[in-house]
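As provided, coords-v1.cif (mmCIF, C-alpha atoms) reads as follows.
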```
data_start
#
loop_
_atom_site.group_PDB
_atom_site.id
_atom_site.type_symbol
_atom_site.label_atom_id
_atom_site.label_comp_id
_atom_site.auth_asym_id
_atom_site.auth_seq_id
_atom_site.Cartn_x
_atom_site.Cartn_y
_atom_site.Cartn_z
ATOM 1 C CA VAL A 1 126.677 143.576 97.734
ATOM 2 C CA PRO A 2 124.853 144.414 94.488
ATOM 3 C CA VAL A 3 123.388 140.920 93.943
ATOM 4 C CA LEU A 4 121.095 138.818 96.143
ATOM 5 C CA VAL A 5 119.827 135.285 95.568
ATOM 6 C CA GLU A 6 117.192 133.219 97.375
ATOM 7 C CA HIS A 7 115.202 130.050 96.833
ATOM 8 C CA VAL A 8 111.545 130.482 95.963
ATOM 9 C CA PHE A 9 110.856 126.743 96.002
ATOM 10 C CA PRO A 10 111.320 124.678 98.022
ATOM 11 C CA GLY A 11 111.468 126.803 101.141
ATOM 12 C CA ASP A 12 114.040 126.126 103.816
ATOM 13 C CA GLY A 13 112.706 123.482 106.222
ATOM 14 C CA ALA A 14 109.743 122.655 103.980
ATOM 15 C CA THR A 15 108.243 119.211 103.448
ATOM 16 C CA VAL A 16 107.319 118.639 99.809
ATOM 17 C CA SER A 17 105.962 115.861 97.622
ATOM 18 C CA GLY A 18 106.287 114.999 93.963
ATOM 19 C CA ALA A 19 107.893 112.671 91.469
ATOM 20 C CA SER A 20 110.454 115.409 90.793
ATOM 21 C CA ILE A 21 111.272 118.408 92.962
ATOM 22 C CA PRO A 22 112.305 121.517 90.982
ATOM 23 C CA GLN A 23 114.721 124.161 92.225
ATOM 24 C CA GLN A 24 113.375 127.668 91.656
ATOM 25 C CA VAL A 25 115.427 130.716 92.638
ATOM 26 C CA LYS A 26 115.116 134.510 92.512
ATOM 27 C CA ILE A 27 118.145 136.619 91.631
ATOM 28 C CA THR A 28 117.985 140.349 92.368
ATOM 29 C CA ILE A 29 120.368 142.947 90.914
ATOM 30 C CA LEU A 30 120.228 145.937 93.239
ATOM 31 C CA ASP A 31 122.426 148.513 91.490
ATOM 32 C CA GLY A 32 120.612 151.569 90.181
ATOM 33 C CA GLY A 33 122.115 151.245 86.734
ATOM 34 C CA PRO A 34 123.492 148.573 84.399
ATOM 35 C CA SER A 35 126.809 148.343 86.241
ATOM 36 C CA VAL A 36 126.761 144.626 87.186
ATOM 37 C CA SER A 37 126.759 141.503 85.065
ATOM 38 C CA ILE A 38 125.867 137.981 86.212
ATOM 39 C CA THR A 39 128.572 135.771 84.760
ATOM 40 C CA GLU A 40 127.690 132.254 85.967
ATOM 41 C CA ILE A 41 125.050 130.416 87.999
ATOM 42 C CA ARG A 42 125.736 127.014 89.598
ATOM 43 C CA TYR A 43 122.965 124.801 90.930
ATOM 44 C CA THR A 44 123.666 121.820 93.175
ATOM 45 C CA CYS A 45 121.544 119.110 94.777
ATOM 46 C CA ASP A 46 122.712 117.280 97.898
ATOM 47 C CA GLY A 47 126.232 118.646 97.546
ATOM 48 C CA GLY A 48 126.868 117.460 93.999
ATOM 49 C CA GLN A 49 127.028 119.964 91.129
ATOM 50 C CA THR A 50 124.262 119.165 88.700
ATOM 51 C CA TYR A 51 123.777 122.175 86.426
ATOM 52 C CA THR A 52 125.729 125.298 85.449
ATOM 53 C CA ASN A 53 124.441 128.269 83.468
ATOM 54 C CA THR A 54 127.463 129.975 81.928
ATOM 55 C CA SER A 55 125.468 132.523 79.907
ATOM 56 C CA PRO A 56 122.762 133.970 82.165
ATOM 57 C CA TYR A 57 122.589 137.350 80.312
ATOM 58 C CA MET A 58 121.533 139.369 83.360
ATOM 59 C CA THR A 59 122.769 142.939 83.465
ATOM 60 C CA SER A 60 119.865 145.275 84.194
ATOM 61 C CA PRO A 61 118.625 145.959 87.734
ATOM 62 C CA GLY A 62 115.595 143.897 88.697
ATOM 63 C CA GLU A 63 114.394 140.451 89.746
ATOM 64 C CA TYR A 64 115.081 137.335 87.704
ATOM 65 C CA TYR A 65 113.407 133.966 88.306
ATOM 66 C CA GLU A 66 115.362 130.928 87.259
ATOM 67 C CA MET A 67 114.818 127.172 87.289
ATOM 68 C CA GLY A 68 117.811 125.182 88.426
ATOM 69 C CA THR A 69 118.099 121.434 88.725
ATOM 70 C CA CYS A 70 115.486 118.843 89.715
ATOM 71 C CA LEU A 71 115.609 116.092 92.302
ATOM 72 C CA TRP A 72 114.165 112.836 90.912
ATOM 73 C CA ALA A 73 112.306 111.849 94.071
ATOM 74 C CA HIS A 74 110.009 109.007 92.987
ATOM 75 C CA PRO A 75 112.454 106.133 93.695
ATOM 76 C CA LEU A 76 113.319 107.477 97.152
ATOM 77 C CA SER A 77 111.963 106.077 100.392
ATOM 78 C CA SER A 78 109.939 108.495 102.502
ATOM 79 C CA PRO A 79 110.675 110.670 104.292
ATOM 80 C CA SER A 80 114.141 111.656 103.067
ATOM 81 C CA SER A 81 116.236 114.792 103.641
ATOM 82 C CA HIS A 82 117.841 116.838 100.847
ATOM 83 C CA SER A 83 119.351 120.229 100.049
ATOM 84 C CA PHE A 84 119.620 122.665 97.147
ATOM 85 C CA THR A 85 122.373 125.256 96.762
ATOM 86 C CA VAL A 86 122.691 128.080 94.240
ATOM 87 C CA GLU A 87 125.826 130.171 93.629
ATOM 88 C CA VAL A 88 125.661 133.327 91.525
ATOM 89 C CA ASP A 89 128.923 134.884 90.294
ATOM 90 C CA TRP A 90 128.722 138.603 89.547
ATOM 91 C CA GLN A 91 131.156 141.131 88.128
ATOM 92 C CA ARG A 92 131.001 144.927 88.261
ATOM 93 C CA TYR A 93 132.093 146.688 85.096
ATOM 94 C CA TRP A 94 135.608 148.165 85.274
ATOM 95 C CA MET A 95 134.391 151.734 85.020
ATOM 96 C CA PHE A 96 132.375 151.151 88.196
ATOM 97 C CA GLY A 97 135.194 149.574 90.176
ATOM 98 C CA GLY A 98 135.671 146.165 88.552
ATOM 99 C CA ASP A 99 135.040 144.197 91.748
ATOM 100 C CA GLY A 100 133.102 140.931 91.817
ATOM 101 C CA GLY A 101 131.846 138.216 94.097
ATOM 102 C CA THR A 102 129.485 135.281 94.622
ATOM 103 C CA ALA A 103 126.008 135.338 96.134
ATOM 104 C CA THR A 104 124.837 132.017 97.569
ATOM 105 C CA ASP A 105 121.772 130.450 99.140
ATOM 106 C CA THR A 106 121.126 126.952 100.519
ATOM 107 C CA VAL A 107 117.874 125.351 101.602
ATOM 108 C CA SER A 108 117.251 122.037 103.349
ATOM 109 C CA PHE A 109 113.970 120.236 102.793
ATOM 110 C CA THR A 110 112.226 116.913 103.287
ATOM 111 C CA VAL A 111 110.573 114.820 100.585
ATOM 112 C CA ASP A 112 107.620 112.726 101.739
ATOM 113 C CA ASN A 113 105.952 110.755 98.958
ATOM 114 C CA THR A 114 104.115 108.339 101.227
ATOM 115 C CA PRO A 115 100.827 107.491 99.494
ATOM 116 C CA THR A 116 97.523 107.011 101.280
ATOM 117 C CA ILE A 117 95.326 103.949 100.905
ATOM 118 C CA ALA A 118 91.896 103.258 102.317
ATOM 119 C CA GLY A 119 90.932 99.955 103.948
ATOM 120 C CA VAL A 120 90.159 96.946 101.803
ATOM 121 C CA GLU A 121 86.518 96.298 100.909
ATOM 122 C CA VAL A 122 85.514 92.673 100.427
ATOM 123 C CA GLU A 123 82.489 91.787 98.311
ATOM 124 C CA PRO A 124 80.485 89.965 99.484
ATOM 125 C CA ALA A 125 81.282 91.323 102.952
ATOM 126 C CA GLY A 126 82.001 89.184 105.984
ATOM 127 C CA GLU A 127 82.182 85.726 104.420
ATOM 128 C CA ALA A 128 84.014 84.676 101.276
ATOM 129 C CA SER A 129 83.100 81.577 99.270
ATOM 130 C CA GLY A 130 84.344 80.797 95.806
ATOM 131 C CA MET A 131 85.126 84.073 94.047
ATOM 132 C CA ALA A 132 85.283 87.333 96.014
ATOM 133 C CA THR A 133 86.200 90.902 95.032
ATOM 134 C CA LEU A 134 88.804 93.000 96.846
ATOM 135 C CA LYS A 135 88.860 96.793 96.452
ATOM 136 C CA ALA A 136 91.061 99.579 97.822
ATOM 137 C CA THR A 137 91.342 103.285 97.083
ATOM 138 C CA ALA A 138 94.847 104.762 96.859
ATOM 139 C CA THR A 139 95.998 108.368 96.470
ATOM 140 C CA PRO A 140 99.548 109.494 95.609
ATOM 141 C CA ALA A 141 101.320 112.226 97.539
ATOM 142 C CA GLY A 142 101.369 115.761 96.184
ATOM 143 C CA ASP A 143 98.983 118.051 94.378
ATOM 144 C CA PRO A 144 98.372 117.231 90.687
ATOM 145 C CA GLN A 145 97.130 120.789 90.092
ATOM 146 C CA ALA A 146 100.305 122.488 91.391
ATOM 147 C CA MET A 147 102.148 121.902 88.150
ATOM 148 C CA GLY A 148 104.002 125.213 88.355
ATOM 149 C CA LEU A 149 106.053 124.273 91.420
ATOM 150 C CA MET A 150 105.817 120.586 92.120
ATOM 151 C CA MET A 151 104.528 117.564 90.320
ATOM 152 C CA CYS A 152 102.303 115.016 91.925
ATOM 153 C CA ASP A 153 103.845 111.651 92.655
ATOM 154 C CA TYR A 154 102.175 108.536 91.230
ATOM 155 C CA ILE A 155 101.153 105.033 92.283
ATOM 156 C CA ASP A 156 103.100 102.224 90.614
ATOM 157 C CA LYS A 157 100.785 99.463 91.803
ATOM 158 C CA VAL A 158 98.590 98.170 94.611
ATOM 159 C CA GLU A 159 99.105 94.626 95.881
ATOM 160 C CA PHE A 160 96.443 92.590 97.698
ATOM 161 C CA TYR A 161 97.143 89.908 100.302
ATOM 162 C CA ALA A 162 95.021 87.371 102.133
ATOM 163 C CA GLY A 163 96.490 85.429 105.035
ATOM 164 C CA GLY A 164 99.922 86.741 104.042
ATOM 165 C CA ILE A 165 99.585 85.234 100.553
ATOM 166 C CA LYS A 166 99.555 87.559 97.557
ATOM 167 C CA VAL A 167 96.205 87.446 95.781
ATOM 168 C CA GLY A 168 97.047 89.814 92.930
ATOM 169 C CA GLU A 169 98.072 93.330 91.978
ATOM 170 C CA VAL A 170 96.827 96.216 89.854
ATOM 171 C CA ALA A 171 99.133 98.635 88.022
ATOM 172 C CA GLY A 172 98.475 102.320 88.586
ATOM 173 C CA GLU A 173 97.574 102.978 84.967
ATOM 174 C CA ASN A 174 94.870 100.274 85.133
ATOM 175 C CA ALA A 175 93.030 101.737 88.135
ATOM 176 C CA THR A 176 89.693 103.587 88.005
ATOM 177 C CA PRO A 177 89.702 107.280 89.011
ATOM 178 C CA VAL A 178 87.252 108.199 91.772
ATOM 179 C CA ASP A 179 86.619 111.511 89.978
ATOM 180 C CA PRO A 180 87.646 112.310 86.391
ATOM 181 C CA PRO A 181 90.955 114.238 86.554
ATOM 182 C CA GLU A 182 90.905 117.873 85.444
ATOM 183 C CA PHE A 183 94.124 117.434 83.516
ATOM 184 C CA LEU A 184 95.083 114.849 80.924
ATOM 185 C CA MET A 185 96.769 112.476 83.338
ATOM 186 C CA GLY A 186 96.462 108.793 84.127
ATOM 187 C CA PRO A 187 94.633 107.307 87.124
ATOM 188 C CA GLN A 188 97.960 106.651 88.882
ATOM 189 C CA TYR A 189 98.263 110.409 89.532
ATOM 190 C CA VAL A 190 94.915 110.859 91.284
ATOM 191 C CA GLU A 191 92.705 109.125 93.836
ATOM 192 C CA SER A 192 91.697 105.865 92.186
ATOM 193 C CA THR A 193 90.120 102.504 92.979
ATOM 194 C CA TYR A 194 92.078 99.265 92.570
ATOM 195 C CA THR A 195 90.180 95.962 92.206
ATOM 196 C CA VAL A 196 91.168 92.291 92.042
ATOM 197 C CA CYS A 197 89.253 89.016 92.080
ATOM 198 C CA TRP A 198 90.086 86.550 94.843
ATOM 199 C CA ASN A 199 89.569 82.848 94.143
ATOM 200 C CA THR A 200 89.250 81.514 97.684
ATOM 201 C CA THR A 201 89.179 77.903 96.413
ATOM 202 C CA GLU A 202 92.653 78.107 94.883
ATOM 203 C CA CYS A 203 95.080 75.387 95.967
ATOM 204 C CA ASP A 204 98.827 75.353 96.336
ATOM 205 C CA GLU A 205 101.282 73.142 94.450
ATOM 206 C CA ASN A 206 100.566 70.278 96.838
ATOM 207 C CA GLY A 207 96.834 70.440 96.211
ATOM 208 C CA ASP A 208 96.046 71.906 99.628
ATOM 209 C CA PRO A 209 93.809 74.973 99.990
ATOM 210 C CA LYS A 210 95.734 78.234 100.130
ATOM 211 C CA TRP A 211 92.969 79.603 102.312
ATOM 212 C CA PRO A 212 91.400 76.895 104.489
ATOM 213 C CA ASP A 213 87.989 77.537 105.978
ATOM 214 C CA GLY A 214 88.135 79.977 108.876
ATOM 215 C CA ASP A 215 89.114 83.577 109.572
ATOM 216 C CA CYS A 216 91.593 85.223 107.208
ATOM 217 C CA GLU A 217 93.123 88.719 107.315
ATOM 218 C CA VAL A 218 93.016 90.697 104.075
ATOM 219 C CA TYR A 219 95.055 93.867 103.409
ATOM 220 C CA ALA A 220 96.491 95.951 100.561
ATOM 221 C CA ILE A 221 99.795 97.762 99.971
ATOM 222 C CA ALA A 222 100.161 100.844 97.781
ATOM 223 C CA ILE A 223 103.603 101.171 96.192
ATOM 224 C CA ALA A 224 104.866 104.506 94.866
ATOM 225 C CA GLY A 225 108.529 104.181 93.927
ATOM 226 C CA GLY A 226 110.424 103.721 97.179
ATOM 227 C CA SER A 227 107.429 104.674 99.334
ATOM 228 C CA THR A 228 104.680 102.350 100.517
ATOM 229 C CA ALA A 229 101.510 102.444 102.589
ATOM 230 C CA GLN A 230 99.519 99.509 103.961
ATOM 231 C CA THR A 231 95.890 99.274 104.998
ATOM 232 C CA ASP A 232 94.756 97.922 108.321
ATOM 233 C CA PRO A 233 93.832 94.239 107.981
ATOM 234 C CA VAL A 234 90.208 93.237 107.503
ATOM 235 C CA THR A 235 89.071 89.864 108.858
ATOM 236 C CA VAL A 236 87.094 87.714 106.443
ATOM 237 C CA THR A 237 85.682 84.254 107.085
ATOM 238 C CA VAL A 238 86.496 81.804 104.310
ATOM 239 C CA HIS A 239 83.787 79.177 103.915
ATOM 240 C CA ASN A 240 84.120 76.706 101.065
ATOM 241 C CA LYS A 241 83.483 73.419 102.858
ATOM 242 C CA GLY A 242 80.006 72.065 102.106
ATOM 243 C CA SER A 243 78.243 68.928 103.276
ATOM 244 C CA VAL A 244 77.611 65.599 101.615
ATOM 245 C CA SER A 245 75.532 62.565 102.475
ATOM 246 C CA GLY A 246 74.776 59.285 100.747
ATOM 247 C CA THR A 247 75.043 55.529 100.822
ATOM 248 C CA VAL A 248 77.654 53.304 99.230
ATOM 249 C CA TYR A 249 76.137 50.294 97.514
ATOM 250 C CA GLU A 250 77.511 47.042 96.190
ATOM 251 C CA ILE A 251 75.838 44.740 93.731
ATOM 252 C CA VAL A 252 75.269 41.236 95.043
ATOM 253 C CA LYS A 253 73.554 38.813 92.710
ATOM 254 C CA GLY A 254 72.045 41.662 90.769
ATOM 255 C CA GLU A 255 70.802 43.480 93.850
ATOM 256 C CA HIS A 256 72.078 46.737 95.384
ATOM 257 C CA LYS A 257 72.993 46.347 99.015
ATOM 258 C CA GLY A 258 74.270 49.047 101.281
ATOM 259 C CA ILE A 259 77.765 48.580 102.707
ATOM 260 C CA GLU A 260 77.878 49.066 106.444
ATOM 261 C CA GLY A 261 80.598 51.458 107.682
ATOM 262 C CA ALA A 262 81.261 52.941 104.250
ATOM 263 C CA THR A 263 81.586 56.722 104.040
ATOM 264 C CA VAL A 264 81.095 59.267 101.287
ATOM 265 C CA LYS A 265 83.660 62.053 100.913
ATOM 266 C CA ALA A 266 83.517 65.108 98.638
ATOM 267 C CA ILE A 267 86.848 66.368 97.296
ATOM 268 C CA ARG A 268 87.200 69.940 96.047
ATOM 269 C CA ALA A 269 88.390 70.186 92.470
ATOM 270 C CA GLY A 270 92.124 70.670 92.408
ATOM 271 C CA GLN A 271 92.735 68.716 95.614
ATOM 272 C CA VAL A 272 92.867 65.307 93.966
ATOM 273 C CA LYS A 273 96.452 64.088 93.795
ATOM 274 C CA ALA A 274 97.524 61.807 90.958
#
```
Before anything else, please render the file you have as structure tokens.
Amino acid sequence: VPVLVEHVFPGDGATVSGASIPQQVKITILDGGPSVSITEIRYTCDGGQTYTNTSPYMTSPGEYYEMGTCLWAHPLSSPSSHSFTVEVDWQRYWMFGGDGGTATDTVSFTVDNTPTIAGVEVEPAGEASGMATLKATATPAGDPQAMGLMMCDYIDKVEFYAGGIKVGEVAGENATPVDPPEFLMGPQYVESTYTVCWNTTECDENGDPKWPDGDCEVYAIAIAGGSTAQTDPVTVTVHNKGSVSGTVYEIVKGEHKGIEGATVKAIRAGQVKA
């Protein structure tokens, strides 16, 4: 067989990460002279033909590196299994026999774009009253510096929850990089910090506190296409209930007299029902 073909990336059985996974192959013409011509190259992903090169222009002996198709991996859930196949048609010139054939190679690989996210930090720590700050650091899968073979995936957004109720979210492009990236890329492609403000006094549509006083579990979810990662919950004590004291008076004949049995009650703004 005068022609060999093999995948350079991804390797068979490899686990890779990236928003898109490129197919890179090496074609080798072994004949000692220009007796063979490559007539067509077909690249497929997961069994479906995706790209055909009908004019490869390969005739001289040597090694040729070619890029085939790409798997758009960002929307996929992780991990997921896939395959690339390449078929190379070759033809020997008639004066050297005129025979031909097809060289093929298939690789199976796994895409894992699961991001990582560090535990939520609550400021002030331990007890939350009024406004509090929630922070989490998320990192997408992949290596942003390996641009030659695979792209880094990216974070779409990070959502924050308290007591199972969504507090807010931050889009990847609005995060703050932990370290300035070496390439011109947005914070969603590198390790970045995501921050939201949590109004612990917020009430629901019925005027009741969304987060009554007491312990509350806070966590964050990083979302990268079809892949997600969640932090371990952090317990925070919500404390918004204060104390009030006083006397209720009535005016009797121009004098203020205390009313026995009367009570004074403080109502948080937003809890008063019309």
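Restricting the calculation to all atoms listed in the file, the smallest distance between A:Pro79 and any of A:Gly226, A:Ile41, A:Asp46, A:Asp204 is found for A:Gly226.
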Selection result of the PyMOL selection byres ((chain A and resi 194) around 6) on this file, as a list in words: Lys135, Ala136, Ala175, Thr193 and Thr195 of chain A
Of the candidates A:Leu71, A:Ala118, A:Val86, A:Ile165, which one gets nearest to A:His7 if we count only C-alpha atoms? A:Val86
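You can rank A:Val122, A:Val196, A:Val8, A:Val16 by their closest distance to A:Ser80 using all atoms listed in the file, and at the top of that list sits A:Val16.
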Can you list what the PyMOL selection byres ((chain A and resi 62-65) around 6) grabs from this structure, as a ChimeraX atom specification? /A:25-29,61,66
I'd like the interatomic distance between atom CA of A:Tyr43 and atom CA of A:Asp99, to a tenth of an Å. 22.9 Å
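For the set A:Asn53, A:Ser129, A:Asn240, A:Ser20, the residue with the smallest atom-to-atom gap to A:Ala73 is A:Ser20, counting all atoms listed in the file.
Note that atom CA of A:Ala229 and atom CA of A:Thr176 are 18.8 Å apart.
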On this structure, which residues satisfy the PyMOL selection byres ((chain A and resi 178) around 8), written as number ranges by chain? A: 176-177, 179-180, 191-193
Report, in Å to a single decimal, how far apart atom CA of A:Asp112 and atom CA of A:Gly168 are. 26.7 Å
May I have the protein, DNA and RNA residues with an atom at most 12 Å from (108.2, 123.7, 98.1), counting only C-alpha atoms in the file's coordinates, returned as a ChimeraX atom specification? /A:7-18,20-25,83-84,107-112,142-143,146-151
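Nearest to A:His74 of all the residues A:Met131, A:Ala19, A:Ile259, A:Val170 is A:Ala19, based on all atoms listed in the file.
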Excluding same-chain residues fewer than 6 positions from stretch 207-218 of chain A, what lies within 6 Å of it counting only C-alpha atoms, as number ranges by chain? A: 161-163, 233-239, 271
